[in-house]
file coords13.txt (compact mmCIF, C-alpha atoms)
# COMPACT_ATOMS: atom_id res chain seq x y z
CA MET M 1240 34.47 2.56 -27.00
CA VAL M 1241 35.91 -0.87 -26.18
CA LYS M 1242 36.76 0.33 -22.67
CA LEU M 1243 33.20 1.61 -22.13
CA ILE M 1244 31.77 -1.71 -23.33
CA ASN M 1245 34.05 -3.61 -20.95
CA ILE M 1246 33.00 -1.39 -18.03
CA TYR M 1247 29.33 -1.95 -18.90
CA THR M 1248 29.56 -5.75 -19.22
CA SER M 1249 31.71 -6.12 -16.09
CA SER M 1250 29.10 -4.22 -14.07
CA TYR M 1251 26.84 -7.29 -14.18
CA LYS M 1252 29.47 -9.80 -12.99
CA GLY M 1253 29.65 -11.19 -9.47
CA LEU M 1254 26.00 -10.59 -8.51
CA SER M 1255 24.33 -13.47 -6.64
CA LYS M 1256 21.33 -15.49 -7.83
CA GLU M 1257 19.33 -14.01 -4.97
CA SER M 1258 20.13 -10.47 -6.13
CA TRP M 1259 18.90 -11.33 -9.62
CA MET M 1260 15.71 -12.91 -8.24
CA LEU M 1261 14.98 -9.91 -6.01
CA ALA M 1262 15.33 -7.79 -9.14
CA LEU M 1263 12.98 -10.08 -11.08
CA VAL M 1264 10.34 -9.91 -8.33
CA MET M 1265 10.67 -6.13 -8.38
CA LEU M 1266 10.37 -6.08 -12.18
CA ILE M 1267 7.08 -8.00 -12.12
CA ASN M 1268 5.71 -5.88 -9.29
CA ARG M 1269 6.69 -2.56 -10.87
CA SER M 1270 5.52 -3.56 -14.35
CA GLY M 1271 2.06 -3.14 -12.92
CA SER M 1272 2.89 0.22 -11.35
CA MET M 1273 0.70 2.27 -13.63
CA VAL M 1274 -1.31 3.90 -10.86
CA LEU M 1275 1.01 6.43 -9.25
CA PRO M 1276 1.99 8.51 -12.32
CA PHE M 1277 -1.65 8.73 -13.37
CA LEU M 1278 -3.27 9.33 -9.98
CA GLY M 1279 -3.13 13.10 -10.43
CA VAL M 1280 -4.63 12.91 -13.92
CA TYR M 1281 -7.17 10.29 -12.72
CA MET M 1282 -8.45 12.59 -9.98
CA THR M 1283 -8.51 15.82 -12.03
CA ALA M 1284 -9.82 14.40 -15.33
CA HIS M 1285 -11.96 11.44 -14.24
CA LEU M 1286 -13.14 12.26 -10.70
CA LYS M 1287 -13.20 16.04 -11.40
CA PHE M 1288 -11.23 17.02 -8.28
CA SER M 1289 -9.62 20.47 -8.27
CA ILE M 1290 -5.83 20.65 -8.66
CA GLU M 1291 -5.43 21.79 -5.06
CA ASN M 1292 -7.66 19.00 -3.67
CA THR M 1293 -5.80 16.51 -5.86
CA GLY M 1294 -2.56 17.64 -4.24
CA ILE M 1295 -4.07 17.17 -0.78
CA VAL M 1296 -5.30 13.65 -1.61
CA LEU M 1297 -1.93 12.70 -3.10
CA SER M 1298 -0.31 13.80 0.15
CA PHE M 1299 -2.07 10.92 1.88
CA PHE M 1300 0.01 8.58 -0.24
CA GLY M 1301 3.04 10.17 1.42
CA ILE M 1302 1.55 9.88 4.91
CA GLY M 1303 0.93 6.18 4.32
CA SER M 1304 4.45 5.85 2.96
CA VAL M 1305 5.91 7.36 6.15
CA VAL M 1306 3.92 4.96 8.34
CA GLY M 1307 4.70 2.02 6.06
CA SER M 1308 8.45 2.76 5.95
CA TRP M 1309 8.66 3.07 9.73
CA LEU M 1310 6.50 -0.01 10.30
CA GLY M 1311 8.36 -2.05 7.69
CA GLY M 1312 11.77 -1.20 9.19
CA PHE M 1313 10.53 -1.85 12.75
CA ILE M 1314 9.00 -5.24 11.91
CA THR M 1315 11.89 -6.31 9.66
CA ASP M 1316 14.38 -6.14 12.54
CA ARG M 1317 12.03 -8.38 14.56
CA ILE M 1318 10.50 -10.98 12.22
CA GLY M 1319 12.86 -10.75 9.25
CA GLU M 1320 12.64 -9.29 5.77
CA TYR M 1321 11.13 -12.44 4.22
CA LYS M 1322 7.75 -12.29 5.98
CA VAL M 1323 7.44 -8.53 5.63
CA GLN M 1324 7.97 -8.69 1.86
CA TYR M 1325 5.49 -11.44 1.07
CA PHE M 1326 2.82 -10.04 3.42
CA SER M 1327 3.20 -6.62 1.79
CA LEU M 1328 2.92 -7.98 -1.76
CA LEU M 1329 -0.09 -10.21 -1.11
CA LEU M 1330 -2.03 -7.72 1.03
CA SER M 1331 -1.61 -5.11 -1.71
CA VAL M 1332 -3.73 -7.19 -4.09
CA PRO M 1333 -7.21 -6.62 -2.58
CA LEU M 1334 -6.40 -2.99 -1.73
CA PHE M 1335 -5.61 -2.13 -5.37
CA CYS M 1336 -8.91 -3.72 -6.41
CA LEU M 1337 -10.83 -1.56 -3.92
CA ILE M 1338 -9.50 1.82 -5.11
CA PRO M 1339 -12.01 2.28 -8.02
CA LEU M 1340 -14.92 1.91 -5.57
CA PHE M 1341 -14.08 5.21 -3.85
CA LYS M 1342 -15.21 8.40 -5.60
CA THR M 1343 -14.99 11.22 -3.01
CA GLU M 1344 -11.88 13.09 -1.86
CA ALA M 1345 -12.14 11.58 1.64
CA GLY M 1346 -12.74 8.07 0.32
CA VAL M 1347 -9.86 8.15 -2.17
CA ALA M 1348 -7.55 9.65 0.47
CA PHE M 1349 -8.44 6.84 2.90
CA ILE M 1350 -7.87 3.94 0.50
CA ILE M 1351 -4.65 5.49 -0.85
CA LEU M 1352 -3.42 5.92 2.73
CA LEU M 1353 -4.15 2.28 3.58
CA GLN M 1354 -2.67 0.92 0.35
CA SER M 1355 0.45 3.05 0.75
CA ILE M 1356 1.08 1.78 4.29
CA VAL M 1357 0.96 -1.83 3.10
CA SER M 1358 2.98 -1.29 -0.09
CA ASP M 1359 5.73 0.81 1.50
CA ALA M 1360 6.34 -1.63 4.34
CA PHE M 1361 7.96 -3.63 1.52
CA ARG M 1362 10.76 -1.12 0.87
CA PRO M 1363 12.97 -1.35 4.00
CA ALA M 1364 12.55 -5.13 4.02
CA ASN M 1365 13.59 -5.32 0.38
CA SER M 1366 16.64 -3.12 1.05
CA VAL M 1367 17.70 -5.36 3.93
CA ALA M 1368 17.31 -8.41 1.68
CA ILE M 1369 19.58 -6.79 -0.93
CA THR M 1370 22.35 -6.22 1.66
CA LYS M 1371 21.77 -9.73 3.04
CA TYR M 1372 22.33 -11.57 -0.24
CA ALA M 1373 24.95 -9.27 -1.86
CA LYS M 1374 28.69 -9.38 -1.26
CA PRO M 1375 29.96 -6.24 0.53
CA GLU M 1376 31.86 -5.04 -2.54
CA ASN M 1377 28.73 -5.47 -4.70
CA ILE M 1378 26.17 -3.64 -2.53
CA THR M 1379 25.82 -0.55 -4.74
CA ARG M 1380 25.55 -2.66 -7.89
CA ALA M 1381 22.97 -4.91 -6.20
CA PHE M 1382 20.91 -1.82 -5.35
CA SER M 1383 21.41 -0.60 -8.91
CA LEU M 1384 20.25 -3.94 -10.33
CA ASN M 1385 17.13 -3.68 -8.20
CA ARG M 1386 16.53 -0.11 -9.33
CA MET M 1387 17.13 -1.17 -12.90
CA ALA M 1388 14.30 -3.66 -12.48
CA VAL M 1389 12.13 -0.90 -10.99
CA ASN M 1390 12.80 1.33 -13.97
CA LEU M 1391 12.33 -1.43 -16.53
CA GLY M 1392 8.96 -2.07 -14.93
CA PHE M 1393 8.37 1.66 -14.87
CA SER M 1394 9.10 1.85 -18.59
CA ILE M 1395 6.54 -0.89 -19.27
CA GLY M 1396 3.89 0.19 -16.76
CA PRO M 1397 3.23 3.85 -17.64
CA ALA M 1398 3.40 3.19 -21.38
CA LEU M 1399 0.76 0.48 -20.99
CA GLY M 1400 -1.04 2.60 -18.39
CA GLY M 1401 -1.43 5.47 -20.83
CA ILE M 1402 -3.16 3.12 -23.26
CA LEU M 1403 -5.34 1.42 -20.63
CA SER M 1404 -6.37 4.68 -18.94
CA ALA M 1405 -7.70 5.93 -22.27
CA ILE M 1406 -10.07 2.92 -22.19
CA SER M 1407 -10.79 2.71 -18.45
CA TYR M 1408 -8.90 3.81 -15.34
CA ASP M 1409 -10.11 0.68 -13.55
CA PHE M 1410 -7.69 -1.38 -15.64
CA LEU M 1411 -4.79 0.45 -14.00
CA PHE M 1412 -5.76 -0.69 -10.53
CA TYR M 1413 -6.56 -4.29 -11.52
CA SER M 1414 -3.27 -4.58 -13.43
CA ASN M 1415 -1.39 -3.38 -10.35
CA ALA M 1416 -3.19 -6.02 -8.26
CA LEU M 1417 -2.31 -8.80 -10.70
CA ALA M 1418 1.36 -7.79 -10.82
CA ALA M 1419 1.63 -7.68 -7.00
CA PHE M 1420 0.04 -11.16 -6.79
CA LEU M 1421 2.45 -12.68 -9.33
CA ALA M 1422 5.44 -11.01 -7.66
CA GLY M 1423 4.36 -12.39 -4.28
CA LEU M 1424 4.04 -15.96 -5.59
CA LEU M 1425 7.45 -15.82 -7.27
CA TYR M 1426 9.10 -14.37 -4.17
CA ILE M 1427 7.68 -17.04 -1.85
CA SER M 1428 8.55 -19.93 -4.18
CA PHE M 1429 12.20 -18.87 -4.56
CA PHE M 1430 13.08 -17.57 -1.08
CA TYR M 1431 11.10 -19.96 1.17
CA LYS M 1432 13.92 -22.53 1.52
CA ARG M 1433 16.69 -19.94 1.36
CA ASN M 1434 15.12 -18.01 4.22
CA LYS M 1435 14.97 -21.17 6.36
CA ILE M 1436 18.65 -21.92 5.70
CA ALA M 1437 19.61 -18.30 6.50
CA LYS M 1438 17.69 -18.44 9.80
CA ILE M 1439 19.48 -21.64 10.86
CA LYS M 1440 22.88 -20.09 10.07
CA ALA M 1441 21.99 -16.89 11.94
CA LYS M 1442 20.89 -18.90 14.98
CA LYS M 1443 24.20 -20.80 15.06
CA VAL M 1444 26.17 -17.56 14.83
CA SER M 1445 24.14 -15.94 17.63
CA GLU M 1446 24.87 -18.93 19.90
CA VAL M 1447 28.63 -18.47 19.44
CA VAL M 1448 28.92 -14.69 19.15
CA GLU M 1449 27.29 -12.27 21.54
CA ILE M 1450 25.11 -9.87 19.56
CA LYS M 1451 26.11 -6.30 20.26
CA LYS M 1452 23.30 -3.86 20.95
CA GLU M 1453 23.46 -1.07 18.40
CA ASN M 1454 22.26 2.52 18.53
CA SER M 1455 18.96 3.63 17.06
CA PRO M 1456 19.21 5.66 13.83
CA TYR M 1457 16.82 8.15 15.46
CA HIS M 1458 19.68 9.12 17.84
CA ASP M 1459 22.26 9.34 15.05
CA ARG M 1460 22.52 13.11 14.43
CA LYS M 1461 24.72 12.85 11.37
CA PHE M 1462 22.38 10.35 9.77
CA LEU M 1463 19.34 12.45 10.65
CA LEU M 1464 20.91 15.43 8.85
CA TYR M 1465 21.68 13.19 5.87
CA CYS M 1466 18.06 11.97 5.80
CA PHE M 1467 16.87 15.59 5.89
CA LEU M 1468 18.89 16.28 2.73
CA CYS M 1469 17.47 13.10 1.18
CA MET M 1470 13.98 14.40 1.95
CA LEU M 1471 14.70 17.76 0.30
CA PHE M 1472 16.11 16.01 -2.76
CA SER M 1473 13.02 13.80 -2.93
CA ILE M 1474 10.77 16.87 -2.85
CA CYS M 1475 12.56 18.03 -6.00
CA PHE M 1476 12.73 14.65 -7.72
CA PHE M 1477 9.19 13.46 -6.96
CA GLN M 1478 7.72 16.24 -9.08
CA LEU M 1479 8.01 13.43 -11.64
CA PHE M 1480 5.07 11.61 -10.05
CA SER M 1481 2.75 14.54 -9.39
CA THR M 1482 3.12 18.02 -10.88
CA LEU M 1483 5.23 17.03 -13.89
CA THR M 1484 2.46 14.88 -15.40
CA ILE M 1485 -0.05 17.71 -14.82
CA PHE M 1486 2.42 20.11 -16.50
CA TYR M 1487 2.70 17.74 -19.46
CA LYS M 1488 -1.08 17.65 -19.85
CA ASP M 1489 -2.12 21.23 -19.08
CA THR M 1490 0.86 23.29 -20.30
CA ALA M 1491 2.68 21.12 -22.86
CA HIS M 1492 -0.71 19.75 -24.05
CA LEU M 1493 0.43 16.12 -24.32
CA SER M 1494 -2.08 13.29 -24.61
CA GLN M 1495 -2.25 10.60 -21.91
CA GLN M 1496 -0.59 8.15 -24.31
CA ASN M 1497 2.31 10.55 -24.94
CA ILE M 1498 2.71 11.16 -21.21
CA GLY M 1499 2.92 7.41 -20.75
CA PHE M 1500 5.49 7.10 -23.53
CA ILE M 1501 7.75 9.80 -22.03
CA LEU M 1502 7.59 8.14 -18.62
CA GLY M 1503 8.24 4.80 -20.29
CA TYR M 1504 11.24 6.32 -22.10
CA SER M 1505 12.65 7.43 -18.74
CA GLY M 1506 12.42 3.92 -17.36
CA PHE M 1507 14.00 2.40 -20.48
CA LEU M 1508 16.85 4.93 -20.38
CA VAL M 1509 17.65 4.16 -16.74
CA VAL M 1510 17.66 0.43 -17.52
CA LEU M 1511 20.04 1.03 -20.42
CA LEU M 1512 22.48 3.33 -18.59
CA GLU M 1513 22.30 2.63 -14.85
CA MET M 1514 24.70 -0.28 -14.33
CA GLY M 1515 27.34 1.27 -16.59
CA LEU M 1516 27.09 4.75 -15.05
CA VAL M 1517 27.18 3.32 -11.53
CA GLN M 1518 30.28 1.33 -12.45
CA ILE M 1519 31.94 4.51 -13.77
CA ALA M 1520 31.05 6.44 -10.60
CA GLU M 1521 32.43 3.65 -8.40
CA LYS M 1522 35.69 3.60 -10.36
CA TYR M 1523 36.40 7.31 -10.72
CA PHE M 1524 34.31 9.33 -8.22
CA SER M 1525 34.03 9.52 -4.46
CA LEU M 1526 30.59 9.17 -2.88
CA GLY M 1527 30.47 12.92 -2.15
CA ILE M 1528 31.30 13.91 -5.74
CA THR M 1529 28.80 11.40 -7.15
CA MET M 1530 25.98 12.78 -5.00
CA LEU M 1531 26.97 16.36 -5.90
CA ILE M 1532 26.86 15.73 -9.65
CA GLY M 1533 23.71 13.62 -9.62
CA THR M 1534 21.69 16.03 -7.49
CA PHE M 1535 22.74 19.07 -9.52
CA ILE M 1536 21.82 17.41 -12.83
CA CYS M 1537 18.36 16.52 -11.48
CA GLY M 1538 17.75 20.14 -10.50
CA PHE M 1539 18.97 21.45 -13.85
CA SER M 1540 16.65 19.06 -15.72
CA TYR M 1541 13.63 20.68 -14.03
CA ALA M 1542 14.89 24.29 -14.26
CA MET M 1543 15.22 24.10 -18.06
CA LEU M 1544 11.46 23.45 -18.36
CA ALA M 1545 10.84 27.04 -17.25
CA PHE M 1546 12.29 28.26 -20.57
CA ASP M 1547 11.26 25.64 -23.12
CA TYR M 1548 8.71 22.81 -23.19
CA SER M 1549 8.89 21.73 -26.81
CA LEU M 1550 8.93 17.97 -27.34
CA PHE M 1551 12.73 18.04 -27.78
CA ALA M 1552 13.14 19.99 -24.52
CA LEU M 1553 10.86 17.57 -22.67
CA LEU M 1554 12.88 14.58 -23.87
CA LEU M 1555 16.21 16.29 -23.08
CA SER M 1556 14.96 17.23 -19.61
CA MET M 1557 13.85 13.65 -18.95
CA THR M 1558 17.20 12.32 -20.20
CA LEU M 1559 19.11 14.56 -17.78
CA LEU M 1560 16.73 13.65 -14.95
CA CYS M 1561 17.46 9.96 -15.57
CA ILE M 1562 21.24 10.50 -15.50
CA GLY M 1563 20.92 12.55 -12.31
CA GLU M 1564 18.84 9.94 -10.49
CA ILE M 1565 21.28 7.17 -11.50
CA TRP M 1566 24.10 9.06 -9.76
CA THR M 1567 21.98 9.78 -6.70
CA LEU M 1568 19.35 7.24 -5.65
CA PRO M 1569 21.32 3.94 -5.56
CA PHE M 1570 24.17 5.64 -3.72
CA MET M 1571 21.74 6.92 -1.08
CA SER M 1572 20.97 3.28 -0.23
CA THR M 1573 24.67 2.37 -0.19
CA ILE M 1574 25.50 5.24 2.17
CA THR M 1575 22.67 4.14 4.47
CA ALA M 1576 23.92 0.53 4.46
CA LEU M 1577 27.48 1.67 5.24
CA ARG M 1578 26.28 3.86 8.10
CA SER M 1579 24.10 1.17 9.71
CA GLY M 1580 25.19 -1.73 11.92
CA LYS M 1581 24.63 -5.43 11.41
CA ASN M 1582 21.48 -5.74 13.51
CA ASN M 1583 19.74 -2.42 12.87
CA LYS M 1584 19.75 -2.26 9.06
CA GLY M 1585 15.95 -2.44 8.97
CA ALA M 1586 15.65 0.61 11.23
CA TYR M 1587 18.21 2.58 9.20
CA MET M 1588 16.62 1.62 5.88
CA GLY M 1589 13.20 2.43 7.35
CA LEU M 1590 14.28 5.89 8.52
CA ASN M 1591 15.86 6.65 5.16
CA GLY M 1592 12.65 5.44 3.53
CA ILE M 1593 10.69 7.82 5.77
CA SER M 1594 12.68 10.74 4.32
CA PHE M 1595 11.35 9.78 0.88
CA SER M 1596 7.86 9.22 2.26
CA VAL M 1597 7.70 12.63 3.93
CA ALA M 1598 8.56 14.10 0.55
CA PHE M 1599 5.53 12.30 -0.91
CA ILE M 1600 3.38 14.15 1.61
CA ILE M 1601 4.89 17.56 0.91
CA THR M 1602 5.58 17.41 -2.83
CA PRO M 1603 2.08 17.04 -4.34
CA TYR M 1604 0.49 19.83 -2.28
CA LEU M 1605 3.52 22.14 -2.38
CA GLY M 1606 4.08 21.61 -6.11
CA THR M 1607 0.45 22.03 -7.15
CA SER M 1608 0.02 25.07 -4.87
CA ILE M 1609 3.08 26.86 -6.30
CA ALA M 1610 2.05 25.96 -9.86
CA GLU M 1611 -1.50 27.23 -9.32
CA LYS M 1612 -0.52 30.50 -7.58
CA PHE M 1613 2.74 31.43 -9.31
CA GLY M 1614 2.91 29.27 -12.43
CA PHE M 1615 5.01 26.29 -13.45
CA SER M 1616 8.01 28.45 -14.43
CA ILE M 1617 8.53 29.58 -10.82
CA LEU M 1618 8.10 25.99 -9.65
CA TRP M 1619 10.78 24.65 -12.00
CA ILE M 1620 13.29 27.44 -11.29
CA GLY M 1621 12.76 27.03 -7.55
CA THR M 1622 13.29 23.27 -7.87
CA GLY M 1623 16.59 23.87 -9.68
CA VAL M 1624 17.86 26.33 -7.07
CA LEU M 1625 16.90 24.05 -4.16
CA ALA M 1626 18.55 21.04 -5.81
CA THR M 1627 21.80 23.00 -6.22
CA ILE M 1628 21.85 23.83 -2.50
CA ILE M 1629 21.15 20.17 -1.64
CA ALA M 1630 23.96 19.03 -3.95
CA ILE M 1631 26.45 21.18 -2.04
CA GLY M 1632 25.06 19.82 1.23
CA PHE M 1633 25.59 16.21 0.10
CA TYR M 1634 29.16 17.03 -0.92
CA PHE M 1635 30.01 17.97 2.68
CA ILE M 1636 27.75 15.67 4.74
CA VAL M 1637 28.63 12.35 3.06
CA PRO M 1638 32.39 12.46 3.87
CA TRP M 1639 31.45 13.65 7.36
CA MET M 1640 29.23 10.59 7.87
CA ILE M 1641 31.58 7.98 6.48
CA LYS M 1642 35.18 8.06 5.38
CA ASP M 1643 35.02 9.43 1.84
CA LYS M 1644 36.37 6.77 -0.48
CA LYS M 1645 35.87 5.08 -3.82
CA VAL M 1646 33.66 2.08 -3.09

call {"tool": "encode", "arguments": {"input": "coords13.txt", "output": "structure tokens"}}
result
Amino acid sequence: MVKLINIYTSSYKGLSKESWMLALVMLINRSGSMVLPFLGVYMTAHLKFSIENTGIVLSFFGIGSVVGSWLGGFITDRIGEYKVQYFSLLLSVPLFCLIPLFKTEAGVAFIILLQSIVSDAFRPANSVAITKYAKPENITRAFSLNRMAVNLGFSIGPALGGILSAISYDFLFYSNALAAFLAGLLYISFFYKRNKIAKIKAKKVSEVVEIKKENSPYHDRKFLLYCFLCMLFSICFFQLFSTLTIFYKDTAHLSQQNIGFILGYSGFLVVLLEMGLVQIAEKYFSLGITMLIGTFICGFSYAMLAFDYSLFALLLSMTLLCIGEIWTLPFMSTITALRSGKNNKGAYMGLNGISFSVAFIITPYLGTSIAEKFGFSILWIGTGVLATIIAIGFYFIVPWMIKDKKV
């Protein structure tokens, strides 16, 4: 027990002030992220869209995410991560406020597409900022700290969102706008001077050292295969944001408040366990083994729902899903950072982000279509089988991409 406590407390040591502030900005931004988990319920229950049309509309979030990830990575390598992040945060504010004004499938799809492009341009820039301000030996923990902030916000947001949506769905969108505005102000106030100092240092280095031109990630075949596996994993995992909430409501017959509380529990659990579990994986597992275990656990957490959806089973499934994502998602970012060069991190992070974004396009429509035609049991079993295949793929591709080692 003492050893576990020491591992957990030591996992927070050595992280820079900038890493902590990036996490705080993310916490404020994601605390308002009540919209995404409830978009499916919002469209089926409030706007009276069919399940299939809801899946189609949700796919536009993924299309916008693809465009935003590519655009964010492209611009980050040219104007820097600082400008991309604050533009993304501040431009999100009016777009969130506009969403309740659209009532048709085409209108909602359009505004979700636009908002997703702006919001997801933030992601590759944020990832580059994490690698910029973290020491090389702390990169995975810096990503984990940032994800911990995401999940802490995600534990607050959906729980509050479940309460607010029972009063009015409009509150969800306005709360998101307020959180993005506050996060943008905090980010600018803290990083304005630091960004100027970093630019001066980078200019001095570039005058002394010739900058080597590096290959595009779009020509990196090994990395493209890795991103394909990341996309397949995301298709499995992102059921959390689309079909799983519909399953909770229609099959498990949970109220909106209880759906919010389960999602909030998932965020709280990740916050509680992530840094410690990441530290354990770094100490005792290789990257390939970590990805194998994490991906398999995620798939198993979904497959068990085909056989039991009592409240205990739902909580156990969510607990396993949280453990699986902890041993998968932060390490995906680390592997991407290790594979990239010094001057093309934005492009690599952007391409890896696109793999997640493509999954956002596919998952809602594919998941809702399978659930409607074959039932949720087939969907969950299929998710478990696919995740197992992906886990084996990660086990072989990761050492092939980079020298397999304990990092």

call {"tool": "closest_residue", "arguments": {"input": "coords13.txt", "among": "M:Phe1476, M:Tyr1413, M:Phe1300, M:Phe1613", "to": "Gly1538 (chain M)", "atoms": "all atoms listed in the file"}}
result
M:Phe1476

call {"tool": "atom_distance", "arguments": {"input": "coords13.txt", "atom1": "CA of His1285 (chain M)", "atom2": "CA of Phe1500 (chain M)"}}
result
20.2 Å

call {"tool": "closest_residue", "arguments": {"input": "coords13.txt", "among": "M:Ala1345, M:Ile1641, M:Leu1334, M:Ala1520", "to": "Asn1292 (chain M)", "atoms": "only C-alpha atoms"}}
result
M:Ala1345

call {"tool": "closest_residue", "arguments": {"input": "coords13.txt", "among": "M:Ser1407, M:Thr1379, M:Thr1607, M:Ser1549", "to": "Phe1480 (chain M)", "atoms": "all atoms listed in the file"}}
result
M:Thr1607

call {"tool": "residues_around", "arguments": {"input": "coords13.txt", "residues": "region 1261-1266 of chain M", "least_positions_apart": "3", "cutoff": "6 Å", "atoms": "only C-alpha atoms", "output": "list in words"}}
result
Ser1258, Arg1269, Ser1270, Asn1385, Ala1388, Val1389, Gly1392 and Ala1422 of chain M
